[in-house]
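Listing of upload-v2.cif; format and content: mmCIF, C-alpha atoms and all ligand atoms.
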data_coords
#
loop_
_atom_site.label_atom_id
_atom_site.label_comp_id
_atom_site.auth_asym_id
_atom_site.auth_seq_id
_atom_site.Cartn_x
_atom_site.Cartn_y
_atom_site.Cartn_z
CA MET E 1 0.00 0.00 0.00
CA ASP E 2 1.38 3.40 -1.04
CA PHE E 3 0.68 6.46 1.04
CA LYS E 4 1.85 10.02 0.34
CA THR E 5 0.64 13.13 2.11
CA GLU E 6 0.64 16.84 1.34
CA HIS E 7 -1.36 19.90 2.29
CA LYS E 8 -3.54 21.97 0.01
CA ASN E 9 -5.67 25.05 0.42
CA TYR E 10 -9.10 24.56 -1.07
CA GLN E 11 -12.36 26.45 -0.49
CA GLY E 12 -10.55 28.48 2.18
CA ARG E 13 -9.72 25.45 4.26
CA ASP E 14 -6.59 23.47 4.89
CA TRP E 15 -6.88 19.96 3.50
CA LEU E 16 -4.74 16.96 4.24
CA VAL E 17 -4.37 15.35 0.83
CA VAL E 18 -3.41 11.70 0.78
CA ALA E 19 -2.47 9.85 -2.40
CA VAL E 20 -3.15 6.17 -1.81
CA GLY E 21 -2.09 3.25 -3.99
CA GLY E 22 -2.66 -0.48 -4.03
CA GLU E 23 -5.43 -2.87 -3.05
CA LEU E 24 -7.37 -1.79 0.05
CA ASP E 25 -8.23 -5.23 1.39
CA LEU E 26 -7.57 -7.03 4.68
CA SER E 27 -3.79 -6.97 4.26
CA ALA E 28 -3.74 -3.21 3.66
CA ALA E 29 -6.45 -2.22 6.14
CA GLY E 30 -4.19 -2.19 9.22
CA PRO E 31 -1.37 -0.09 7.74
CA PHE E 32 -3.86 2.17 5.93
CA LYS E 33 -5.73 2.88 9.16
CA ASP E 34 -2.54 3.50 11.18
CA LYS E 35 -1.06 5.83 8.57
CA LEU E 36 -4.28 7.81 8.24
CA LYS E 37 -4.61 8.22 12.00
CA THR E 38 -0.98 9.36 12.33
CA ALA E 39 -1.23 11.78 9.40
CA LEU E 40 -4.49 13.27 10.70
CA ALA E 41 -3.11 13.66 14.22
CA LYS E 42 0.04 15.37 12.91
CA SER E 43 -1.73 17.73 10.52
CA ARG E 44 -4.54 18.78 12.85
CA SER E 45 -6.55 19.35 9.65
CA ARG E 46 -10.11 18.11 9.83
CA CYS E 47 -10.53 17.94 6.07
CA LEU E 48 -9.24 14.84 4.37
CA MET E 49 -8.96 14.50 0.61
CA LEU E 50 -8.16 11.00 -0.58
CA ASP E 51 -6.70 10.67 -4.05
CA PHE E 52 -7.56 7.13 -5.11
CA SER E 53 -6.04 7.37 -8.63
CA ARG E 54 -3.83 4.41 -7.88
CA VAL E 55 -6.20 2.33 -5.76
CA SER E 56 -7.03 -0.71 -7.88
CA PHE E 57 -9.37 -2.57 -5.53
CA ILE E 58 -11.37 -2.15 -2.34
CA ASP E 59 -13.54 -4.49 -0.26
CA SER E 60 -15.36 -4.18 3.08
CA SER E 61 -12.06 -4.14 5.02
CA GLY E 62 -10.96 -0.99 3.20
CA LEU E 63 -14.43 0.54 3.46
CA GLY E 64 -14.34 -0.09 7.22
CA VAL E 65 -11.22 2.06 7.55
CA LEU E 66 -12.93 4.90 5.67
CA MET E 67 -16.03 4.57 7.84
CA GLY E 68 -13.92 4.71 11.01
CA ARG E 69 -12.15 7.90 9.90
CA TYR E 70 -15.47 9.45 8.89
CA ARG E 71 -16.88 8.81 12.36
CA GLU E 72 -13.88 10.44 14.02
CA LEU E 73 -13.73 13.46 11.72
CA ALA E 74 -17.47 14.08 11.62
CA LEU E 75 -17.49 14.48 15.40
CA ASN E 76 -15.31 17.57 14.94
CA GLY E 77 -17.08 19.00 11.94
CA GLY E 78 -14.59 17.52 9.50
CA ARG E 79 -15.05 16.26 5.95
CA ILE E 80 -13.76 13.50 3.75
CA VAL E 81 -13.59 13.70 -0.02
CA ILE E 82 -12.57 10.87 -2.33
CA ARG E 83 -11.29 11.67 -5.79
CA HIS E 84 -10.39 9.58 -8.83
CA ALA E 85 -11.94 6.31 -7.64
CA ASN E 86 -11.96 3.66 -10.37
CA ASP E 87 -15.21 1.91 -11.36
CA GLN E 88 -14.81 -0.94 -8.88
CA VAL E 89 -14.09 1.37 -5.96
CA TYR E 90 -16.86 3.80 -6.92
CA ARG E 91 -19.31 0.92 -7.18
CA LEU E 92 -18.52 -0.28 -3.65
CA LEU E 93 -18.62 3.20 -2.15
CA THR E 94 -22.16 3.57 -3.47
CA ALA E 95 -23.26 -0.02 -2.75
CA SER E 96 -22.21 0.41 0.89
CA GLY E 97 -23.93 3.78 1.22
CA LEU E 98 -20.63 5.38 2.27
CA ASP E 99 -21.08 7.90 -0.54
CA ARG E 100 -23.83 9.46 1.56
CA LEU E 101 -21.32 10.27 4.32
CA ILE E 102 -18.16 10.79 2.33
CA GLU E 103 -18.13 13.06 -0.70
CA VAL E 104 -17.23 10.85 -3.64
CA GLU E 105 -16.32 12.39 -6.94
CA PRO E 106 -18.00 10.46 -9.77
CA PRO E 107 -15.53 8.55 -11.99
CA VAL E 108 -15.39 11.01 -14.90
CA GLY E 109 -15.18 14.80 -14.64
CA GLY E 110 -16.95 15.38 -11.33
CA HIS E 111 -17.96 18.81 -10.04
CA PHE E 112 -15.08 18.75 -7.62
CA ALA E 113 -12.51 18.60 -10.39
CA LYS E 114 -14.28 21.44 -12.20
CA GLU E 115 -14.52 23.70 -9.15
CA GLU E 116 -10.85 23.28 -8.45
CA ARG E 117 -9.89 24.37 -11.93
CA GLU E 118 -11.92 27.57 -11.69
CA MET D 1 -9.16 -19.21 -35.83
CA LYS D 2 -9.86 -16.23 -38.10
CA ASP D 3 -13.26 -15.33 -36.62
CA THR D 4 -12.46 -16.14 -33.01
CA ILE D 5 -9.97 -13.44 -32.14
CA HIS D 6 -12.35 -11.67 -29.77
CA SER D 7 -14.40 -14.62 -28.60
CA LYS D 8 -13.34 -17.13 -26.00
CA ARG D 9 -12.39 -20.61 -27.04
CA PRO D 10 -14.75 -23.18 -25.56
CA VAL D 11 -13.61 -24.08 -22.06
CA ALA D 12 -13.09 -27.66 -21.06
CA VAL D 13 -15.66 -28.29 -18.36
CA PRO D 14 -15.84 -29.52 -15.72
CA ASN D 15 -12.57 -28.30 -14.32
CA VAL D 16 -11.54 -28.40 -10.67
CA VAL D 17 -8.83 -26.40 -8.92
CA LYS D 18 -8.07 -26.77 -5.26
CA LEU D 19 -5.92 -24.38 -3.24
CA GLU D 20 -4.81 -24.65 0.35
CA PHE D 21 -3.23 -21.72 2.14
CA PHE D 22 -2.53 -20.29 5.57
CA SER D 23 -4.91 -17.77 7.15
CA ARG D 24 -2.61 -14.84 6.42
CA SER D 25 -4.02 -11.59 5.09
CA GLU D 26 -1.59 -11.48 2.15
CA ASN D 27 -3.26 -14.63 0.83
CA VAL D 28 -6.56 -12.83 0.25
CA SER D 29 -5.24 -11.30 -2.98
CA LEU D 30 -4.00 -14.70 -4.08
CA ALA D 31 -7.50 -16.13 -3.63
CA ARG D 32 -8.97 -13.25 -5.66
CA LEU D 33 -6.46 -13.85 -8.45
CA ALA D 34 -7.25 -17.57 -8.64
CA ALA D 35 -10.99 -16.91 -8.86
CA ALA D 36 -10.54 -14.15 -11.44
CA ALA D 37 -8.27 -16.34 -13.58
CA MET D 38 -10.80 -19.16 -13.61
CA ALA D 39 -13.77 -16.84 -14.23
CA ALA D 40 -11.95 -15.02 -17.03
CA GLU D 41 -12.06 -18.26 -19.04
CA ARG D 42 -15.82 -17.77 -19.27
CA GLN D 43 -18.03 -15.13 -20.85
CA ILE D 44 -17.94 -12.53 -18.13
CA SER D 45 -17.82 -8.74 -18.12
CA MET D 46 -15.16 -6.70 -16.33
CA ALA D 47 -17.78 -5.43 -13.88
CA GLU D 48 -18.91 -8.98 -13.05
CA LEU D 49 -15.29 -10.04 -12.63
CA ASP D 50 -14.73 -7.18 -10.18
CA GLU D 51 -17.84 -8.24 -8.26
CA LEU D 52 -16.74 -11.84 -8.04
CA LYS D 53 -13.37 -10.70 -6.71
CA VAL D 54 -15.12 -8.75 -3.95
CA ALA D 55 -17.23 -11.78 -3.00
CA VAL D 56 -14.16 -14.03 -2.80
CA SER D 57 -12.25 -11.39 -0.88
CA GLU D 58 -15.05 -11.22 1.70
CA ALA D 59 -15.33 -14.99 2.15
CA VAL D 60 -11.58 -15.49 2.60
CA SER D 61 -11.23 -12.43 4.86
CA ASN D 62 -14.00 -13.80 7.07
CA ALA D 63 -12.22 -17.15 7.38
CA ILE D 64 -9.09 -15.31 8.55
CA ILE D 65 -10.66 -12.68 10.84
CA HIS D 66 -13.62 -14.55 12.28
CA GLY D 67 -12.91 -18.23 11.67
CA TYR D 68 -9.31 -18.25 12.83
CA GLN D 69 -9.57 -14.99 14.78
CA GLY D 70 -6.31 -13.65 13.41
CA LYS D 71 -4.32 -16.86 13.99
CA GLU D 72 -2.00 -16.99 10.96
CA ASP D 73 -1.44 -20.72 10.54
CA GLY D 74 -4.99 -21.94 10.15
CA LEU D 75 -5.62 -23.80 6.91
CA ILE D 76 -8.09 -22.43 4.39
CA THR D 77 -9.21 -24.63 1.52
CA MET D 78 -10.54 -22.99 -1.60
CA THR D 79 -12.09 -25.22 -4.23
CA LEU D 80 -13.08 -23.86 -7.62
CA ILE D 81 -15.39 -25.97 -9.74
CA SER D 82 -16.09 -24.83 -13.26
CA SER D 83 -18.99 -26.62 -14.93
CA ALA D 84 -21.03 -25.90 -18.04
CA GLN D 85 -23.53 -23.65 -16.32
CA ARG D 86 -21.63 -22.19 -13.40
CA LEU D 87 -18.46 -21.51 -11.48
CA SER D 88 -18.70 -22.53 -7.83
CA ILE D 89 -16.11 -21.33 -5.35
CA SER D 90 -15.99 -22.95 -1.95
CA VAL D 91 -14.03 -21.39 0.92
CA HIS D 92 -13.57 -23.62 3.95
CA ASP D 93 -11.97 -22.98 7.32
CA ASP D 94 -11.63 -25.12 10.44
CA GLY D 95 -12.11 -22.18 12.77
CA VAL D 96 -14.61 -21.31 15.48
CA GLY D 97 -17.68 -21.67 13.27
CA ILE D 98 -20.84 -19.60 13.15
CA GLU D 99 -23.44 -19.99 15.89
CA ASP D 100 -26.35 -18.39 14.06
CA VAL D 101 -25.86 -18.38 10.28
CA GLU D 102 -29.10 -16.54 9.56
CA GLN D 103 -28.16 -13.69 11.87
CA ALA D 104 -24.57 -13.60 10.56
CA MET D 105 -25.81 -13.19 7.00
CA LYS D 106 -28.02 -10.20 7.81
CA ALA D 107 -26.70 -6.92 6.38
CA ASN D 108 -24.93 -4.75 8.93
CA PHE D 109 -24.53 -7.58 11.42
CA SER D 110 -20.98 -7.90 12.70
CA SER D 111 -19.64 -9.62 15.78
CA SER D 112 -16.62 -7.32 15.86
CA GLY D 113 -16.69 -3.63 16.71
CA GLU D 114 -14.92 -1.75 13.90
CA ARG D 115 -16.35 -3.86 11.09
CA MET D 116 -19.39 -2.96 9.03
CA GLY D 117 -21.11 -6.29 8.50
CA LEU D 118 -21.08 -5.90 4.73
CA GLY D 119 -19.26 -9.11 3.82
CA PHE D 120 -22.24 -11.41 3.40
CA ALA D 121 -24.28 -8.59 1.88
CA PHE D 122 -21.63 -8.15 -0.84
CA MET D 123 -21.32 -11.93 -1.36
CA GLN D 124 -25.09 -12.12 -1.91
CA ALA D 125 -25.34 -9.03 -4.08
CA PHE D 126 -22.36 -9.89 -6.26
CA THR D 127 -22.96 -13.58 -7.02
CA ASP D 128 -25.87 -15.74 -8.12
CA GLY D 129 -26.07 -17.65 -4.85
CA VAL D 130 -24.35 -18.12 -1.49
CA GLU D 131 -24.50 -21.26 0.62
CA VAL D 132 -23.18 -21.29 4.17
CA THR D 133 -22.66 -24.39 6.25
CA SER D 134 -21.30 -24.06 9.76
CA TYR D 135 -21.49 -25.43 13.24
CA PRO D 136 -20.07 -23.77 16.34
CA GLY D 137 -16.58 -25.11 16.95
CA ALA D 138 -16.53 -26.99 13.65
CA GLY D 139 -15.47 -24.40 11.07
CA ALA D 140 -17.38 -22.84 8.21
CA THR D 141 -17.87 -23.44 4.50
CA VAL D 142 -19.07 -20.68 2.21
CA VAL D 143 -19.90 -21.55 -1.39
CA LEU D 144 -20.27 -18.78 -3.95
CA HIS D 145 -22.02 -19.54 -7.24
CA LYS D 146 -21.63 -17.61 -10.45
CA ASP D 147 -23.98 -18.70 -13.24
CA PHE D 148 -23.18 -18.61 -16.94
CA LEU D 149 -26.28 -18.86 -19.05
N1 LIG E 201 -15.73 -18.05 8.51
C1 LIG E 201 -16.39 -17.56 9.59
N2 LIG E 201 -16.19 -18.12 10.81
C2 LIG E 201 -16.85 -17.64 11.91
N3 LIG E 201 -17.70 -16.60 11.88
C3 LIG E 201 -17.94 -16.00 10.69
C4 LIG E 201 -17.29 -16.45 9.48
N4 LIG E 201 -17.73 -15.67 8.48
C5 LIG E 201 -18.58 -14.79 9.02
N5 LIG E 201 -18.73 -14.98 10.34
C6 LIG E 201 -19.62 -14.21 11.26
O1 LIG E 201 -20.55 -13.50 10.46
C7 LIG E 201 -20.53 -12.12 10.78
C8 LIG E 201 -20.88 -11.29 9.56
O2 LIG E 201 -19.90 -11.39 8.56
P1 LIG E 201 -19.75 -10.22 7.48
O3 LIG E 201 -21.07 -9.98 6.85
O4 LIG E 201 -18.62 -10.54 6.59
O5 LIG E 201 -19.40 -8.93 8.38
P2 LIG E 201 -18.04 -8.51 9.11
O6 LIG E 201 -16.92 -9.35 8.57
O7 LIG E 201 -17.89 -7.07 8.79
O8 LIG E 201 -18.25 -8.75 10.58
C9 LIG E 201 -19.14 -11.88 11.33
O9 LIG E 201 -19.08 -10.74 12.16
C10 LIG E 201 -18.88 -13.18 12.09
O10 LIG E 201 -19.50 -13.14 13.35
MG MG E 202 -16.61 -9.89 6.66
#

Using the file provided, produce a representation of the structure as structure tokens.
Ligand SMILES: Nc1ncnc2c1ncn2[C@@H]1O[C@H](COP(=O)(O)OP(=O)(O)O)[C@@H](O)[C@H]1O
Ligand SMILES: [Mg+2]
Amino acid sequence: MDFKTEHKNYQGRDWLVVAVGGELDLSAAGPFKDKLKTALAKSRSRCLMLDFSRVSFIDSSGLGVLMGRYRELALNGGRIVIRHANDQVYRLLTASGLDRLIEVEPPVGGHFAKEERE
Amino acid sequence: MKDTIHSKRPVAVPNVVKLEFFSRSENVSLARLAAAAMAAERQISMAELDELKVAVSEAVSNAIIHGYQGKEDGLITMTLISSAQRLSISVHDDGVGIEDVEQAMKANFSSSGERMGLGFAFMQAFTDGVEVTSYPGAGATVVLHKDFL
């Protein structure tokens, strides 16, 4: 599992941007969760943008990590946005209903991408 | 050959593949690969292939997390049977077993805190049938069926 962080200013807020890569299944869930928790604690940002360009697969173990972070961040008025999910990942985010809690950019040319360009 | 470039050659059915592996999380991707390789021999769309991979991932993850409760040297047996009409994938563990199968298969039911209880829901949504056999203390067998009509 690949994990790279940076900070970005967007819509007047400080976002922790994480570029994730690999298959978010049971073997990646532990490290993914630990790295997210550490990065969030260090940044003190409550807005998390996940760049899933290089995530090739997700199952309920990966979704569970996202759900856990959502619960923690939502308590403090935070947000999570997922960008560039492939078809498989997008499908599972919607099938699980997580897309109602986490803002998921639709696979091609979502409003988020457009807003950022403007 | 000239008109078959984009169509699959007829598969020899039935075919049986049996895999045995330790209950280690890195083996979940191996199980997905085996199922995808066998399914790819058949007429199946990319989306269906992705769905089948999720179902297999869930069944094998459950054997590791719940069946063997994280113990890494439990044996998991995966049997793939490809017949004319369907591909059946059986995932067996000799772990703690399931006390109440009906309850376990309900969406959003999970016996462990941080998990979402989506495994069986995905297995049911993404295949053409799921059979679960289990007795407390005597392991669990989950069979996933994918039909080819
Ligand atoms: N192989 C297994 N051995 C023992 N218990 C299992 C097994 N598979 C599933 N279960 C039980 O069924 C429940 C539901 O499974 P699932 O729908 O995958 O949700 P989750 O894995 O998120 O808990 C589990 O919490 C567990 O109690
Ligand atoms: Mg599960």

Contact residues (chain E, partner chain D, 7 Å, all atoms listed in the file) as a list in words: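 The contacting residues on chain E are Leu26, Ser27, Asp59, Ser60, Gly64 and Gln88 of chain E.
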
Sphere at (-12.6, -29.9, -15.6), radius 8 Å, counting all atoms listed in the file: residues as a PyMOL selection string: chain D and resi 12-16+81-83

Two-atom distance - CA of Val132 in chain D, CA of Asp100 in chain D (Å):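 Pair CA of Val132 in chain D / CA of Asp100 in chain D returns 10.8 Å.
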
Taking all atoms of range 100-117 of chain D that the file lists, what box with edges along x, y and z, padded by 6 Å per side, do you get, with centre and edge lengths in Å to one decimal, as lines of an AutoDock Vina configuration file?
center_x = -22.0
center_y = -10.1
center_z = 11.5
size_x = 26.2
size_y = 28.6
size_z = 22.3

Long-range neighbours of Trp15 in chain E as a PyMOL selection string, 12 Å cut-off, only C-alpha atoms, 5 positions minimum in chain: chain E and resi 5-10+39-40+43-51+78-81

Straight-line distance linking CA of Phe22 in chain D with CA of Ile44 in chain D, stated in Å to one decimal: 29.3 Å

Among listed residues E:Pro106, E:Gly21, E:Gly12, E:Gly62, nearest ligand MG 202 (chain E) (using all atoms listed in the file):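 Closest to ligand MG 202 (chain E), using all atoms listed in the file: E:Gly62.
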
Top pick for closest residue to ligand MG 202 (chain E), considering E:Leu36, E:Leu93, E:Val20, E:Leu63 and counting all atoms listed in the file: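 So, comparing all the options, the nearest one is E:Leu63.
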
Shell of 7 Å around Thr127 in chain D, all atoms listed in the file, local chain residues under 3 positions omitted, as a PyMOL selection string: chain D and resi 52+123-124+144-146

For ligand MG 202 (chain E), the nearest of the candidates D:Ala31, D:Val143, D:Ala104, D:Val130, counting all atoms listed in the file: D:Ala104

For Lys4 in chain E, the nearest of the candidates E:Arg83, E:Phe52, E:Ser61, E:Leu24, counting all atoms listed in the file: E:Phe52

Exercise: Val96 in chain D partners within 12 Å, only C-alpha atoms, chain neighbours under 6 positions left out, as a VMD selection string: chain D and resid 62 to 71 74 134 to 141
